[in-house]
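Okay, protein39.cif is below, mmCIF, C-alpha atoms:
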```
data_coords
loop_
_atom_site.label_atom_id
_atom_site.label_comp_id
_atom_site.auth_asym_id
_atom_site.auth_seq_id
_atom_site.Cartn_x
_atom_site.Cartn_y
_atom_site.Cartn_z
CA MET A 1 61.04 71.12 87.53
CA GLY A 2 62.51 68.84 90.19
CA VAL A 3 64.65 69.88 93.11
CA PRO A 4 68.28 70.50 92.00
CA SER A 5 70.87 67.96 93.13
CA TYR A 6 72.63 70.49 95.38
CA ALA A 7 69.37 70.97 97.30
CA THR A 8 69.22 67.33 98.39
CA ALA A 9 71.15 65.35 100.98
CA PRO A 10 73.16 62.24 99.98
CA ASP A 11 70.32 60.01 101.18
CA GLY A 12 67.85 61.79 98.91
CA ARG A 13 66.11 63.93 101.54
CA ASP A 14 64.92 67.30 100.30
CA TRP A 15 66.79 70.11 102.10
CA THR A 16 64.12 72.59 101.07
CA LYS A 17 61.73 70.96 103.56
CA LEU A 18 63.93 71.72 106.57
CA PRO A 19 63.07 74.52 109.05
CA ASP A 20 64.50 77.86 107.99
CA ASP A 21 66.93 78.14 110.90
CA VAL A 22 68.35 74.68 110.17
CA THR A 23 68.64 75.52 106.48
CA ALA A 24 70.46 78.75 107.36
CA SER A 25 72.96 76.83 109.52
CA ILE A 26 73.65 74.37 106.70
CA LEU A 27 74.11 77.16 104.16
CA VAL A 28 76.51 78.99 106.48
CA LEU A 29 78.67 75.87 106.67
CA SER A 30 78.56 75.57 102.88
CA ASN A 31 80.60 78.80 102.53
CA LEU A 32 78.63 80.01 99.53
CA GLY A 33 79.89 83.18 97.89
CA ALA A 34 77.77 86.33 97.82
CA PHE A 35 77.86 86.52 94.02
CA ASP A 36 76.76 82.90 93.65
CA ILE A 37 73.93 83.39 96.13
CA LEU A 38 72.59 86.48 94.37
CA THR A 39 72.83 85.00 90.88
CA GLU A 40 72.13 81.31 91.45
CA TYR A 41 71.41 79.76 94.83
CA GLN A 42 68.60 82.05 95.89
CA MET A 43 66.80 80.92 92.72
CA VAL A 44 66.77 77.25 93.79
CA CYS A 45 63.42 77.47 95.59
CA LYS A 46 61.22 79.76 97.66
CA THR A 47 62.63 78.33 100.90
CA TRP A 48 66.21 79.14 100.04
CA ARG A 49 65.33 82.61 98.78
CA ARG A 50 63.44 83.31 102.01
CA VAL A 51 66.39 82.14 104.09
CA PHE A 52 68.91 84.15 102.07
CA CYS A 53 66.76 87.26 102.49
CA ASN A 54 65.97 86.89 106.19
CA TYR A 55 69.10 85.49 107.87
CA PRO A 56 71.86 88.12 108.22
CA ILE A 57 74.27 85.43 109.46
CA LEU A 58 74.65 84.38 105.81
CA TRP A 59 76.01 87.81 104.95
CA ARG A 60 78.63 88.32 107.66
CA THR A 61 81.29 87.70 104.98
CA ILE A 62 81.10 89.24 101.51
CA ASP A 63 83.89 88.38 99.06
CA TYR A 64 83.76 89.71 95.51
CA ALA A 65 87.40 88.96 94.66
CA ASP A 66 88.52 86.87 91.69
CA LEU A 67 85.07 86.74 90.09
CA GLN A 68 86.66 86.94 86.67
CA ASP A 69 88.12 83.47 87.17
CA SER A 70 84.94 81.94 88.57
CA PRO A 71 83.25 79.21 86.49
CA PHE A 72 79.91 81.03 86.13
CA PRO A 73 77.02 78.62 85.36
CA CYS A 74 75.74 80.97 82.67
CA MET A 75 77.62 83.29 80.34
CA LYS A 76 75.18 86.13 81.04
CA TYR A 77 76.68 86.52 84.54
CA ARG A 78 79.98 87.58 83.05
CA ASP A 79 78.19 90.75 82.01
CA TYR A 80 77.55 91.48 85.71
CA PHE A 81 81.26 91.40 86.37
CA ARG A 82 82.03 93.74 83.48
CA ASN A 83 79.33 96.21 84.49
CA GLU A 84 80.50 98.30 87.44
CA LYS A 85 77.00 99.57 88.23
CA CYS A 86 75.64 96.02 88.37
CA MET A 87 78.44 94.88 90.67
CA GLU A 88 77.99 97.86 92.99
CA LYS A 89 74.24 97.28 93.10
CA MET A 90 74.77 93.61 94.00
CA CYS A 91 77.25 94.55 96.70
CA ARG A 92 74.83 97.06 98.22
CA ASN A 93 72.15 94.34 98.16
CA ALA A 94 74.44 92.00 100.08
CA ILE A 95 75.30 94.74 102.58
CA ASP A 96 71.60 95.42 103.12
CA ARG A 97 70.92 91.75 103.80
CA SER A 98 73.61 91.69 106.48
CA CYS A 99 71.44 94.06 108.54
CA GLY A 100 74.53 95.67 110.01
CA LYS A 101 76.14 92.32 110.92
CA LEU A 102 78.84 92.46 108.23
CA VAL A 103 82.26 91.48 109.61
CA ASP A 104 84.47 90.69 106.62
CA ILE A 105 84.32 92.25 103.14
CA THR A 106 86.58 92.00 100.09
CA LEU A 107 86.15 94.37 97.17
CA GLU A 108 88.07 94.11 93.91
CA GLY A 109 87.86 96.35 90.88
CA ASP A 110 86.57 99.76 89.87
CA TYR A 111 83.16 99.25 91.44
CA GLY A 112 84.84 99.60 94.84
CA THR A 113 84.32 103.36 95.08
CA ASP A 114 84.17 105.99 97.81
CA ASP A 115 80.39 105.94 97.59
CA LEU A 116 80.27 102.18 98.15
CA LEU A 117 82.67 102.39 101.11
CA LYS A 118 80.55 105.14 102.66
CA TYR A 119 77.37 103.11 102.14
CA MET A 120 79.04 100.11 103.73
CA THR A 121 80.31 101.92 106.84
CA ASP A 122 77.07 103.87 107.28
CA SER A 123 75.23 100.52 107.36
CA CYS A 124 77.72 98.38 109.30
CA SER A 125 79.80 99.48 112.28
CA GLY A 126 81.28 96.10 113.25
CA ILE A 127 83.56 95.40 110.29
CA ARG A 128 86.74 93.64 111.41
CA ARG A 129 88.35 92.67 108.08
CA LEU A 130 88.52 94.85 104.97
CA THR A 131 90.30 94.13 101.69
CA LEU A 132 90.48 96.72 98.91
CA ASP A 133 92.09 95.33 95.77
CA CYS A 134 92.57 97.68 92.79
CA CYS A 135 89.58 99.73 93.92
CA ASP A 136 88.71 103.20 92.63
CA ILE A 137 89.01 104.96 95.98
CA THR A 138 90.47 108.31 97.03
CA ASP A 139 92.37 109.50 100.07
CA GLU A 140 89.40 111.55 101.22
CA GLY A 141 87.00 108.64 100.87
CA LEU A 142 89.23 106.20 102.73
CA ARG A 143 89.95 108.64 105.54
CA GLU A 144 86.23 109.29 105.97
CA VAL A 145 85.34 105.61 106.34
CA ALA A 146 88.33 104.96 108.61
CA SER A 147 86.64 106.96 111.34
CA LYS A 148 83.67 104.57 111.10
CA LEU A 149 85.73 101.39 111.52
CA PRO A 150 86.59 101.35 115.24
CA LEU A 151 86.63 97.53 115.39
CA LEU A 152 88.81 96.95 112.31
CA GLU A 153 91.51 94.34 112.95
CA ASP A 154 92.69 93.32 109.48
CA LEU A 155 93.26 95.66 106.52
CA VAL A 156 94.60 94.97 103.03
CA ILE A 157 95.14 97.77 100.51
CA SER A 158 96.41 96.69 97.11
CA ASP A 159 97.27 98.87 94.13
CA ALA A 160 95.11 101.80 95.18
CA SER A 161 95.61 105.08 93.32
CA LEU A 162 95.99 107.28 96.40
CA SER A 163 97.54 110.72 96.06
CA HIS A 164 98.53 111.13 99.74
CA PRO A 165 98.77 107.55 101.03
CA SER A 166 100.99 108.30 104.03
CA LYS A 167 98.41 110.75 105.45
CA THR A 168 95.65 108.25 104.73
CA VAL A 169 97.49 105.44 106.52
CA GLU A 170 98.13 107.75 109.45
CA ALA A 171 94.39 108.51 109.64
CA ILE A 172 93.60 104.79 109.53
CA GLY A 173 96.04 104.07 112.35
CA GLN A 174 94.54 106.82 114.50
CA SER A 175 90.95 105.74 113.81
CA CYS A 176 91.41 101.97 114.13
CA PRO A 177 93.10 101.27 117.48
CA LEU A 178 92.38 97.52 117.28
CA LEU A 179 94.23 97.03 113.97
CA LYS A 180 96.42 93.94 114.23
CA SER A 181 97.18 93.04 110.62
CA PHE A 182 98.07 95.40 107.78
CA ARG A 183 99.09 94.49 104.24
CA TRP A 184 99.94 97.28 101.84
CA GLU A 185 100.84 96.55 98.22
CA LYS A 186 101.91 99.85 96.70
CA ASP A 187 103.59 99.21 93.36
CA LEU A 188 104.43 96.31 91.11
CA GLU A 189 107.89 97.80 90.53
CA ILE A 190 109.96 99.45 93.23
CA ASN A 191 110.89 103.04 92.43
CA THR A 192 114.32 103.72 93.89
CA LYS A 193 114.29 107.37 92.80
CA GLY A 194 112.19 108.42 95.76
CA LEU A 195 112.14 107.12 99.32
CA ASP A 196 108.93 105.90 100.96
CA ASP A 197 109.98 106.66 104.54
CA ASP A 198 106.93 108.84 105.14
CA TYR A 199 104.74 105.75 104.63
CA ALA A 200 106.78 103.79 107.15
CA LYS A 201 106.61 106.66 109.65
CA ALA A 202 102.82 106.75 109.29
CA ILE A 203 102.76 103.07 110.28
CA SER A 204 105.24 103.33 113.14
CA GLY A 205 103.59 106.47 114.46
CA THR A 206 100.02 105.17 114.69
CA MET A 207 99.85 101.37 114.42
CA HIS A 208 101.56 100.31 117.64
CA GLY A 209 99.33 97.27 118.13
CA LEU A 210 100.23 95.52 114.88
CA HIS A 211 100.94 91.80 115.04
CA HIS A 212 101.32 91.26 111.29
CA LEU A 213 102.74 93.65 108.70
CA SER A 214 103.35 93.05 105.00
CA LEU A 215 104.73 95.71 102.65
CA PHE A 216 105.06 95.39 98.88
CA GLY A 217 106.84 97.73 96.48
CA PHE A 218 108.44 100.12 99.00
CA TYR A 219 111.85 101.80 99.00
CA LEU A 220 112.87 102.51 102.61
CA THR A 221 115.90 103.47 104.62
CA ASP A 222 117.13 101.32 107.46
CA ASP A 223 116.16 104.13 109.87
CA ALA A 224 112.51 103.96 108.76
CA LEU A 225 112.52 100.20 109.20
CA LYS A 226 114.07 100.56 112.65
CA GLU A 227 111.23 102.91 113.64
CA ILE A 228 108.67 100.28 112.70
CA ILE A 229 110.49 97.63 114.72
CA ASP A 230 110.85 99.91 117.75
CA CYS A 231 107.30 101.29 117.68
CA CYS A 232 105.44 98.04 116.91
CA PRO A 233 106.60 95.76 119.75
CA HIS A 234 103.89 93.11 119.18
CA LEU A 235 104.95 92.16 115.65
CA GLU A 236 104.84 88.40 115.12
CA SER A 237 105.25 88.40 111.34
CA LEU A 238 106.93 90.91 109.04
CA ASP A 239 107.04 90.45 105.27
CA LEU A 240 109.57 92.69 103.53
CA GLU A 241 110.41 90.31 100.69
CA TYR A 242 109.36 92.80 98.01
CA VAL A 243 110.80 95.88 99.70
CA CYS A 244 114.09 97.57 98.85
CA ILE A 245 116.10 98.88 101.81
CA LYS A 246 118.68 101.61 101.33
CA HIS A 247 121.91 100.88 103.24
CA PHE A 248 120.87 97.25 103.62
CA ARG A 249 124.35 96.40 104.95
CA ILE A 250 123.39 98.01 108.28
CA ILE A 251 120.42 95.66 108.62
CA ARG A 252 122.81 92.74 108.38
CA ARG A 253 124.24 93.82 111.74
CA GLY A 254 122.31 94.69 114.88
CA LEU A 255 118.89 95.41 113.39
CA GLU A 256 118.63 92.09 111.59
CA LYS A 257 119.66 90.28 114.76
CA LYS A 258 117.02 92.18 116.71
CA MET A 259 114.32 91.32 114.17
CA ARG A 260 115.23 87.65 114.03
CA GLY A 261 115.28 87.41 117.80
CA ARG A 262 111.84 88.93 118.26
CA ILE A 263 109.75 88.29 115.13
CA LYS A 264 108.61 84.71 114.63
CA LYS A 265 107.94 84.91 110.90
CA LEU A 266 110.34 87.21 109.07
CA LYS A 267 110.91 87.71 105.34
CA LEU A 268 113.75 90.06 104.55
CA PRO A 269 114.27 91.83 101.22
CA SER A 270 116.70 90.58 98.64
CA CYS A 271 117.97 94.06 97.77
#
```
Render the structure in this file as structure tokens.
Amino acid sequence: MGVPSYATAPDGRDWTKLPDDVTASILVLSNLGAFDILTEYQMVCKTWRRVFCNYPILWRTIDYADLQDSPFPCMKYRDYFRNEKCMEKMCRNAIDRSCGKLVDITLEGDYGTDDLLKYMTDSCSGIRRLTLDCCDITDEGLREVASKLPLLEDLVISDASLSHPSKTVEAIGQSCPLLKSFRWEKDLEINTKGLDDDYAKAISGTMHGLHHLSLFGFYLTDDALKEIIDCCPHLESLDLEYVCIKHFRIIRRGLEKKMRGRIKKLKLPSC
């Protein structure tokens, strides 16, 4: 079998003959996904497999989002996506290969469990960006790993089935003093039967260093919003487009003027 086309340079030179460190640098610039590496690219040749196994720099970013829409080269890999145990095993493999150098990780789906989060934070203490999208996590599990993420700067939580989310967010804010960006997507539909002010207070009470905040699916009072504005003085962007504010008419006076005068990128709710 000849060398695959993606293993050769435009002038026909064989990339598999390059020194390992040079190959690693090229592969880093190629922005290959962790799933594609584990299922395809490490099978190209012995050189590439050796590099993928021995160079943690290739595993500083692990992104398992949107795999369902990926054009997999072989139908059998769709079975990996449907099998939670296979996906978790692959993610643990990628974490192991990072040798503790993992910086940015995105998990999506039911395989993102408390056990996986614990394994990740026990192995890697320098994570700066974490995205949890529709993961099967609990309040207890998330609070436990929060204490092991002292360098976290960017956090996204989307559609998580948390029973006490305000307490969990408060624990995150207390454990992650460097947090600068927080996106929280709570519900697809806003429930106006119960206020979410306790969530906002958890943010304003612990996340004073935020530069970017995005909330989705919340029902807040203007007082709760004012607390966020007053307690997060470094905010540069605030996305409230999919938030419902009770007594919104008050925002249209002094508070809105204050937000527009201080926050560079502001999206206000429509209700």
Which neighbours of Leu215 in chain A fall inside 7 Å, counting all atoms listed in the file, when residues of the same chain fewer than 5 positions from it are skipped, and could you give them as a PyMOL selection string? chain A and resi 183-185+239-240+243
Residue selection dump (C-alpha atoms) as an mmCIF file, in the frame of the given file:
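Listing of selection34.cif after writing:
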```
data_model
loop_
_atom_site.group_PDB
_atom_site.id
_atom_site.type_symbol
_atom_site.label_atom_id
_atom_site.label_comp_id
_atom_site.auth_asym_id
_atom_site.auth_seq_id
_atom_site.Cartn_x
_atom_site.Cartn_y
_atom_site.Cartn_z
ATOM 1 C CA ARG A 183 99.090 94.490 104.240
ATOM 2 C CA TRP A 184 99.940 97.280 101.840
ATOM 3 C CA GLU A 185 100.840 96.550 98.220
ATOM 4 C CA ASP A 239 107.040 90.450 105.270
ATOM 5 C CA LEU A 240 109.570 92.690 103.530
ATOM 6 C CA VAL A 243 110.800 95.880 99.700
#
```
Find the spatial neighbours of Glu88 in chain A, counting all atoms listed in the file, within a cut-off of 8 Å - ignore same-chain residues fewer than 2 positions away - and output them as a list in words.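 Surrounding residues, per the criterion: Glu84, Lys85, Cys86, Met90, Cys91, Arg92, Tyr111, Gly112 and Leu116 of chain A.
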Which residues fall under the PyMOL selection byres ((chain A and resi 235) around 12) in this file, as a PyMOL selection string? chain A and resi 179-182+204+207-214+228-234+236-239+259-266
For Arg128 in chain A, which residue out of A:Met43, A:Leu107, A:Cys176, A:Leu32 is the nearest one, using all atoms listed in the file?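 For Arg128 in chain A, the nearest of the candidates is A:Cys176.
The residues caught by the PyMOL selection byres ((chain A and resi 163-171) around 8) in this file are Thr138, Asp139, Glu140, Leu142, Arg143, Ala146, Ser161, Leu162, Ile172, Gly173, Gln174, Ser175, Asp198, Tyr199, Ala200, Ala202, Ile203, Gly205 and Thr206 of chain A.
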State, in Å with one decimal place, the distance from CA of Asp122 in chain A to CA of Val145 in chain A.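 Spanning CA of Asp122 in chain A to CA of Val145 in chain A is a straight-line distance of 8.5 Å.
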Under the PyMOL selection byres ((chain A and resi 187) around 9), which residues of this model are included? Write them out as a compact mmCIF listing (two decimals) with C-alpha atoms, in the coordinates of the input.
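The resulting file, selection16.txt, is reproduced below:
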```
# COMPACT_ATOMS: atom_id res chain seq x y z
CA SER A 158 96.41 96.69 97.11
CA ASP A 159 97.27 98.87 94.13
CA GLU A 185 100.84 96.55 98.22
CA LYS A 186 101.91 99.85 96.70
CA LEU A 188 104.43 96.31 91.11
CA GLU A 189 107.89 97.80 90.53
CA ILE A 190 109.96 99.45 93.23
CA ASN A 191 110.89 103.04 92.43
CA PHE A 216 105.06 95.39 98.88
CA GLY A 217 106.84 97.73 96.48
CA PHE A 218 108.44 100.12 99.00
```
So how many Å separate CA of Val28 in chain A and CA of Trp59 in chain A, to one decimal?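 Those two atoms sit 9.0 Å apart.
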Box in all listed atoms of range 46-55 of chain A, axis-aligned, with 8 Å more on each side; write out centre and edge lengths in Å to one decimal as AutoDock Vina command-line options.
```
--center_x 65.2 --center_y 82.8 --center_z 102.8 --size_x 23.9 --size_y 24.9 --size_z 26.2
```
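Take CA of Trp48 in chain A and CA of Met120 in chain A: the distance between them is 24.9 Å.
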Name the closest residue to Tyr55 in chain A among the candidates A:Asp104, A:Glu40, A:Asp96, A:Asp114; distances are taken between atoms, counting all atoms listed in the file. A:Asp96
